[in-house]
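Report on the structure given below.
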Amino acid sequence: MILLLDLGNTRLKFALLQDGEFTHRGAFGWEADIAHELATLWSDWPSPERIVGASVVAEAREAVVAAAVEQAFGKAPHWVRTPAQACGVTNAYAEPHRLGVDRFLAMVDAYAAGRAPCVLASAGTALTLDALDADGRHLGGWIAPGPVLMQQSILGATAQVRPERPGAVRDLADNTADGLASGCWQASAALIDRFVDRSAPLLGGAPTVTLGGGDADVLAPLLEHDVSIVPDAVLRGLAVWADVHSTGGDIP
C-alpha cells in the first residue's frame, strides 16, 4: 500500500494505492489547517508501506505535509523530482528540473494509459499545455495564467473594473462582470485550441486532447477541439512512477 501526495498550487490531493486502485482519497485547500486536517483524517487510515509525493509548492508547505506524514505513519515521504527521462517519457527541457513535476507526471500517466500522441492541458492556477508524441517524447509546451488568475490580475491592475457579481461566459457580453469572465475563459480556450493546431502536425495530425485541473469542467465546453477530461493525472502518474521505482530516497 502506497500513499500518494500531490502538492499543487491551490490544494493538496492524496490517495492510498493498493493493487492498482485508489482505496482512500482526500484533498484540502491550502487555506485549511493542513496539519490538523491531515492528522484527523489519517488517524482512521491504514498505514502505508511507502509515501511518494510530487510538489510544486514552497519548501515550507512541503515541510508541513512531511511532518504530518511522519506523525501519522512514522515514515518520511519520498519526493519525486523532475528527471530527464523516466517511465517511457523523455523531457524536452534542456534543464529538466525546471519542468514542473506535475506536468511530467501527467505525461507519464498519459503514456502509460496509451493516450499518446496527445496534447495535455491543465487548467488551474496556471494553464499549462504540453505535447507528447507516440514514442513518449515531450516536444515542449506553453504556460499562461489560468482563467481565474487572469481575472484576478485585471482586478488587481485596474481601479474601476469592479464587478458586483461573478460573471457568466457569453458570446457577446453587455456588462463588465460577464465581459471579464467571457474574455478570460474564452482566451484560455482559444490558447488551447491554437496549441492543438500548432502541435498536431508534429503529433501525426490527430492527437488525443486531454484536459485536467480544477477548472477543466468549465473550460471543456468552450473548446473547438474534442477533449477528454482526465482527473487526478498527477496522482495516476505517481502511481505509475511508484510501480517502476520501488526504492527509497528522493527520486531520482
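Residues in the C-alpha cells are named by chain (A, B, ... in the order shown) and by number from 1 within that chain; ligands are numbered from 1 in the order shown.
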
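Close contacts of Val230 of chain A, defined as residues with an atom at most 8 Å away when counting only C-alpha atoms, with chain neighbours fewer than 3 positions off set aside, comprise Thr210, Leu211, Gly212 and Ala233 of chain A.
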
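Neighbouring residues of segment 214-220 of chain A at 10 Å or closer, counting only C-alpha atoms and skipping chain neighbours under 4 positions away, are A:Thr10, A:Arg11, A:Ala121, A:Ser122, A:Ala123, A:Gly124, A:Thr125, A:Leu127, A:Gly146, A:Pro147, A:Val148, A:Val169, A:Trp185, A:Gln186, A:Ser188, A:Ala189, A:Ile192, A:Thr210, A:Glu224, A:His225, A:Asp226, A:Val227, A:Ser228, A:Ile229, A:Val230, A:Pro231, A:Asp232.
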
### Task
Quick one: everything within 8 Å of segment 67-83 of chain A, counting only C-alpha atoms, minus sequence neighbours fewer than 4 positions away in the same chain. Send it as a list in words.
Ala35, Leu38, Ala39, Trp42, Ser43, Ser47, Pro48, Arg50, Ile51, Val52, Gly53, Ala54, Ser55, Ala63, Asn91, Pro96, His97, Arg98, Leu99, Gly100, Val101, Phe104, Gly248, Gly249, Asp250, Ile251 and Pro252 of chain A

Could you pull the residues within 6 Å of Asp130 of chain A, counting only C-alpha atoms, minus those fewer than 6 positions along the same chain, as a PDB file with all heavy atoms, in the first residue's frame?
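Full text of result-v4.pdb as output:
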```
ATOM      1  N   VAL A 119      -2.060  15.970 -26.710  1.00  0.00           N
ATOM      2  CA  VAL A 119      -1.875  17.285 -26.114  1.00  0.00           C
ATOM      3  C   VAL A 119      -2.488  17.226 -24.725  1.00  0.00           C
ATOM      4  O   VAL A 119      -3.641  16.800 -24.564  1.00  0.00           O
ATOM      5  CB  VAL A 119      -2.539  18.391 -26.947  1.00  0.00           C
ATOM      6  CG1 VAL A 119      -2.624  19.689 -26.152  1.00  0.00           C
ATOM      7  CG2 VAL A 119      -1.765  18.621 -28.237  1.00  0.00           C
ATOM      8  N   LEU A 120      -1.716  17.633 -23.724  1.00  0.00           N
ATOM      9  CA  LEU A 120      -2.200  17.650 -22.350  1.00  0.00           C
ATOM     10  C   LEU A 120      -2.371  19.096 -21.909  1.00  0.00           C
ATOM     11  O   LEU A 120      -1.412  19.879 -21.935  1.00  0.00           O
ATOM     12  CB  LEU A 120      -1.218  16.955 -21.402  1.00  0.00           C
ATOM     13  CG  LEU A 120      -0.950  15.471 -21.646  1.00  0.00           C
ATOM     14  CD1 LEU A 120       0.231  15.292 -22.590  1.00  0.00           C
ATOM     15  CD2 LEU A 120      -0.670  14.760 -20.336  1.00  0.00           C
ATOM     16  N   GLY A 140       7.543  19.854 -25.955  1.00  0.00           N
ATOM     17  CA  GLY A 140       7.539  21.204 -25.414  1.00  0.00           C
ATOM     18  C   GLY A 140       6.137  21.632 -25.053  1.00  0.00           C
ATOM     19  O   GLY A 140       5.174  20.864 -25.182  1.00  0.00           O
ATOM     20  N   GLY A 141       5.998  22.862 -24.582  1.00  0.00           N
ATOM     21  CA  GLY A 141       4.681  23.323 -24.153  1.00  0.00           C
ATOM     22  C   GLY A 141       4.604  24.815 -23.936  1.00  0.00           C
ATOM     23  O   GLY A 141       5.557  25.554 -24.224  1.00  0.00           O
TER      24      GLY A 141
END
```

### Query
Near Leu180 of chain A, within 9 Å and counting only C-alpha atoms, which residues show up once chain neighbours fewer than 2 positions away are dropped, as a ChimeraX atom specification?
/A:151,154,161,163,167-169,173,175-178,182-185

Would you output that residue set with all heavy atoms, as a compact mmCIF listing (two decimals), in the first residue's frame?
```txt
# COMPACT_ATOMS: atom_id res chain seq x y z
N GLN A 151 -8.48 36.73 -14.45
CA GLN A 151 -9.46 37.71 -13.97
C GLN A 151 -8.93 38.47 -12.77
O GLN A 151 -9.09 39.70 -12.66
CB GLN A 151 -10.76 36.99 -13.61
CG GLN A 151 -11.48 36.40 -14.81
CD GLN A 151 -12.71 35.62 -14.40
OE1 GLN A 151 -13.73 36.21 -14.05
NE2 GLN A 151 -12.63 34.30 -14.45
N ILE A 154 -6.54 41.29 -13.68
CA ILE A 154 -7.18 42.51 -14.16
C ILE A 154 -7.74 43.32 -13.00
O ILE A 154 -7.58 44.54 -12.93
CB ILE A 154 -8.30 42.15 -15.16
CG1 ILE A 154 -7.70 41.54 -16.43
CG2 ILE A 154 -9.13 43.39 -15.51
CD1 ILE A 154 -8.71 41.08 -17.44
N VAL A 161 -12.58 48.49 -12.69
CA VAL A 161 -13.17 47.21 -13.06
C VAL A 161 -13.47 46.46 -11.77
O VAL A 161 -12.62 45.76 -11.23
CB VAL A 161 -12.23 46.40 -13.97
CG1 VAL A 161 -12.88 45.08 -14.34
CG2 VAL A 161 -11.91 47.19 -15.23
N PRO A 163 -16.59 44.27 -10.79
CA PRO A 163 -17.91 43.66 -10.96
C PRO A 163 -18.55 43.39 -9.60
O PRO A 163 -17.88 43.03 -8.63
CB PRO A 163 -17.61 42.35 -11.69
CG PRO A 163 -16.27 42.55 -12.32
CD PRO A 163 -15.52 43.46 -11.40
N GLY A 167 -19.20 36.79 -13.10
CA GLY A 167 -19.70 36.88 -14.46
C GLY A 167 -20.01 35.52 -15.06
O GLY A 167 -19.57 34.49 -14.57
N ALA A 168 -20.79 35.55 -16.13
CA ALA A 168 -21.10 34.35 -16.91
C ALA A 168 -20.40 34.44 -18.25
O ALA A 168 -20.17 35.55 -18.77
CB ALA A 168 -22.61 34.22 -17.09
N VAL A 169 -20.07 33.30 -18.82
CA VAL A 169 -19.41 33.27 -20.13
C VAL A 169 -20.47 33.40 -21.22
O VAL A 169 -21.37 32.56 -21.32
CB VAL A 169 -18.59 31.98 -20.31
CG1 VAL A 169 -17.94 31.95 -21.69
CG2 VAL A 169 -17.54 31.87 -19.22
N ALA A 173 -20.89 39.87 -24.37
CA ALA A 173 -21.32 40.34 -23.04
C ALA A 173 -21.72 41.82 -23.11
O ALA A 173 -21.10 42.61 -23.81
CB ALA A 173 -20.19 40.16 -22.04
N ASN A 175 -22.15 43.62 -20.12
CA ASN A 175 -21.85 44.20 -18.81
C ASN A 175 -20.45 43.77 -18.41
O ASN A 175 -19.88 42.83 -18.97
CB ASN A 175 -22.89 43.77 -17.76
CG ASN A 175 -22.93 42.26 -17.60
OD1 ASN A 175 -22.10 41.69 -16.89
ND2 ASN A 175 -23.89 41.61 -18.28
N THR A 176 -19.88 44.46 -17.42
CA THR A 176 -18.48 44.24 -17.06
C THR A 176 -18.24 42.85 -16.47
O THR A 176 -17.25 42.19 -16.79
CB THR A 176 -18.02 45.31 -16.06
OG1 THR A 176 -18.11 46.59 -16.68
CG2 THR A 176 -16.58 45.08 -15.63
N ALA A 177 -19.15 42.40 -15.61
CA ALA A 177 -18.94 41.09 -14.97
C ALA A 177 -18.87 39.99 -16.02
O ALA A 177 -17.94 39.17 -16.02
CB ALA A 177 -20.07 40.81 -13.97
N ASP A 178 -19.84 39.96 -16.94
CA ASP A 178 -19.84 38.93 -17.97
C ASP A 178 -18.71 39.15 -18.97
O ASP A 178 -18.13 38.19 -19.49
CB ASP A 178 -21.17 38.93 -18.71
CG ASP A 178 -22.33 38.47 -17.83
OD1 ASP A 178 -22.06 37.96 -16.73
OD2 ASP A 178 -23.50 38.63 -18.24
N SER A 182 -16.09 36.29 -19.64
CA SER A 182 -16.08 35.76 -21.01
C SER A 182 -14.72 35.92 -21.65
O SER A 182 -14.21 34.99 -22.30
CB SER A 182 -17.14 36.49 -21.85
OG SER A 182 -18.43 36.31 -21.31
N GLY A 183 -14.10 37.09 -21.49
CA GLY A 183 -12.80 37.32 -22.11
C GLY A 183 -11.74 36.38 -21.60
O GLY A 183 -10.95 35.82 -22.37
N CYS A 184 -11.72 36.15 -20.28
CA CYS A 184 -10.65 35.32 -19.70
C CYS A 184 -10.87 33.83 -19.99
O CYS A 184 -9.91 33.12 -20.34
CB CYS A 184 -10.57 35.57 -18.20
SG CYS A 184 -10.03 37.26 -17.79
N TRP A 185 -12.10 33.35 -19.88
CA TRP A 185 -12.35 31.93 -20.16
C TRP A 185 -12.19 31.64 -21.65
O TRP A 185 -11.61 30.61 -22.02
CB TRP A 185 -13.74 31.53 -19.68
CG TRP A 185 -13.81 31.37 -18.19
CD1 TRP A 185 -14.23 32.29 -17.27
CD2 TRP A 185 -13.41 30.23 -17.43
NE1 TRP A 185 -14.13 31.79 -16.00
CE2 TRP A 185 -13.63 30.52 -16.06
CE3 TRP A 185 -12.91 28.97 -17.77
CZ2 TRP A 185 -13.36 29.62 -15.03
CZ3 TRP A 185 -12.63 28.06 -16.75
CH2 TRP A 185 -12.86 28.38 -15.40
```

### Task
Give the strand (DSSP E) residues of segment 25-69 of chain A, as DSSP finds them on the backbone, and put them as a PyMOL selection string.
chain A and resi 25-29+50-55

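The residue set within 8 Å of segment 238-241 of chain A, counting only C-alpha atoms and dropping same-chain residues fewer than 5 places from it, reads Leu4, Leu17, Gly20, Val52, Gly53, Ala54, Cys87, Leu105, Val108, Asp109 and Ala112 of chain A.
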
Give me a file of those residues, with C-alpha atoms, as a compact mmCIF listing (two decimals), in the first residue's frame.
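Okay, part_2.txt is ready:
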```txt
# COMPACT_ATOMS: atom_id res chain seq x y z
CA LEU A 4 0.50 9.30 -2.95
CA LEU A 17 -2.96 3.00 -3.69
CA GLY A 20 -3.55 -0.59 -8.67
CA VAL A 52 5.60 9.13 -2.55
CA GLY A 53 4.91 12.77 -3.29
CA ALA A 54 5.12 15.40 -6.01
CA CYS A 87 8.67 5.68 -17.25
CA LEU A 105 3.78 13.04 -14.16
CA VAL A 108 3.76 9.64 -17.50
CA ASP A 109 0.10 8.85 -16.88
CA ALA A 112 1.19 4.57 -19.61
```

Show me, as JSON lines, the residues of segment 48-70 of chain A having an atom within 9 Å of segment 21-34 of chain A, each with the closest atom pair and its distance in Å, using only C-alpha atoms.
```
{"residue": "A:Arg61", "atom": "CA", "partner": "A:Trp30", "partner_atom": "CA", "distance": 8.8}
{"residue": "A:Val64", "atom": "CA", "partner": "A:Ile34", "partner_atom": "CA", "distance": 7.7}
{"residue": "A:Val65", "atom": "CA", "partner": "A:Ile34", "partner_atom": "CA", "distance": 7.5}
{"residue": "A:Ala68", "atom": "CA", "partner": "A:Ile34", "partner_atom": "CA", "distance": 8.4}
```

### Task
Kindly give the distance, in Å, that separates atom CA of Gly136 of chain A and atom CA of Val234 of chain A, rounded to a single decimal.
16.5 Å

### Query
Where does DSSP see alpha helix (DSSP H) in segment 32-82 of chain A, if you list the residues as a PyMOL selection string?
chain A and resi 34-42+59-73

### Query
Which residue, A:Val196, A:Leu129, A:Ala134, A:Leu139, has the smallest gap to Gly213 of chain A when you use only C-alpha atoms?
A:Leu129

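Distance check against Thr90 of chain A using only C-alpha atoms: of A:Val56, A:Leu132, A:Leu16, A:Thr158, the minimum falls on A:Leu132.
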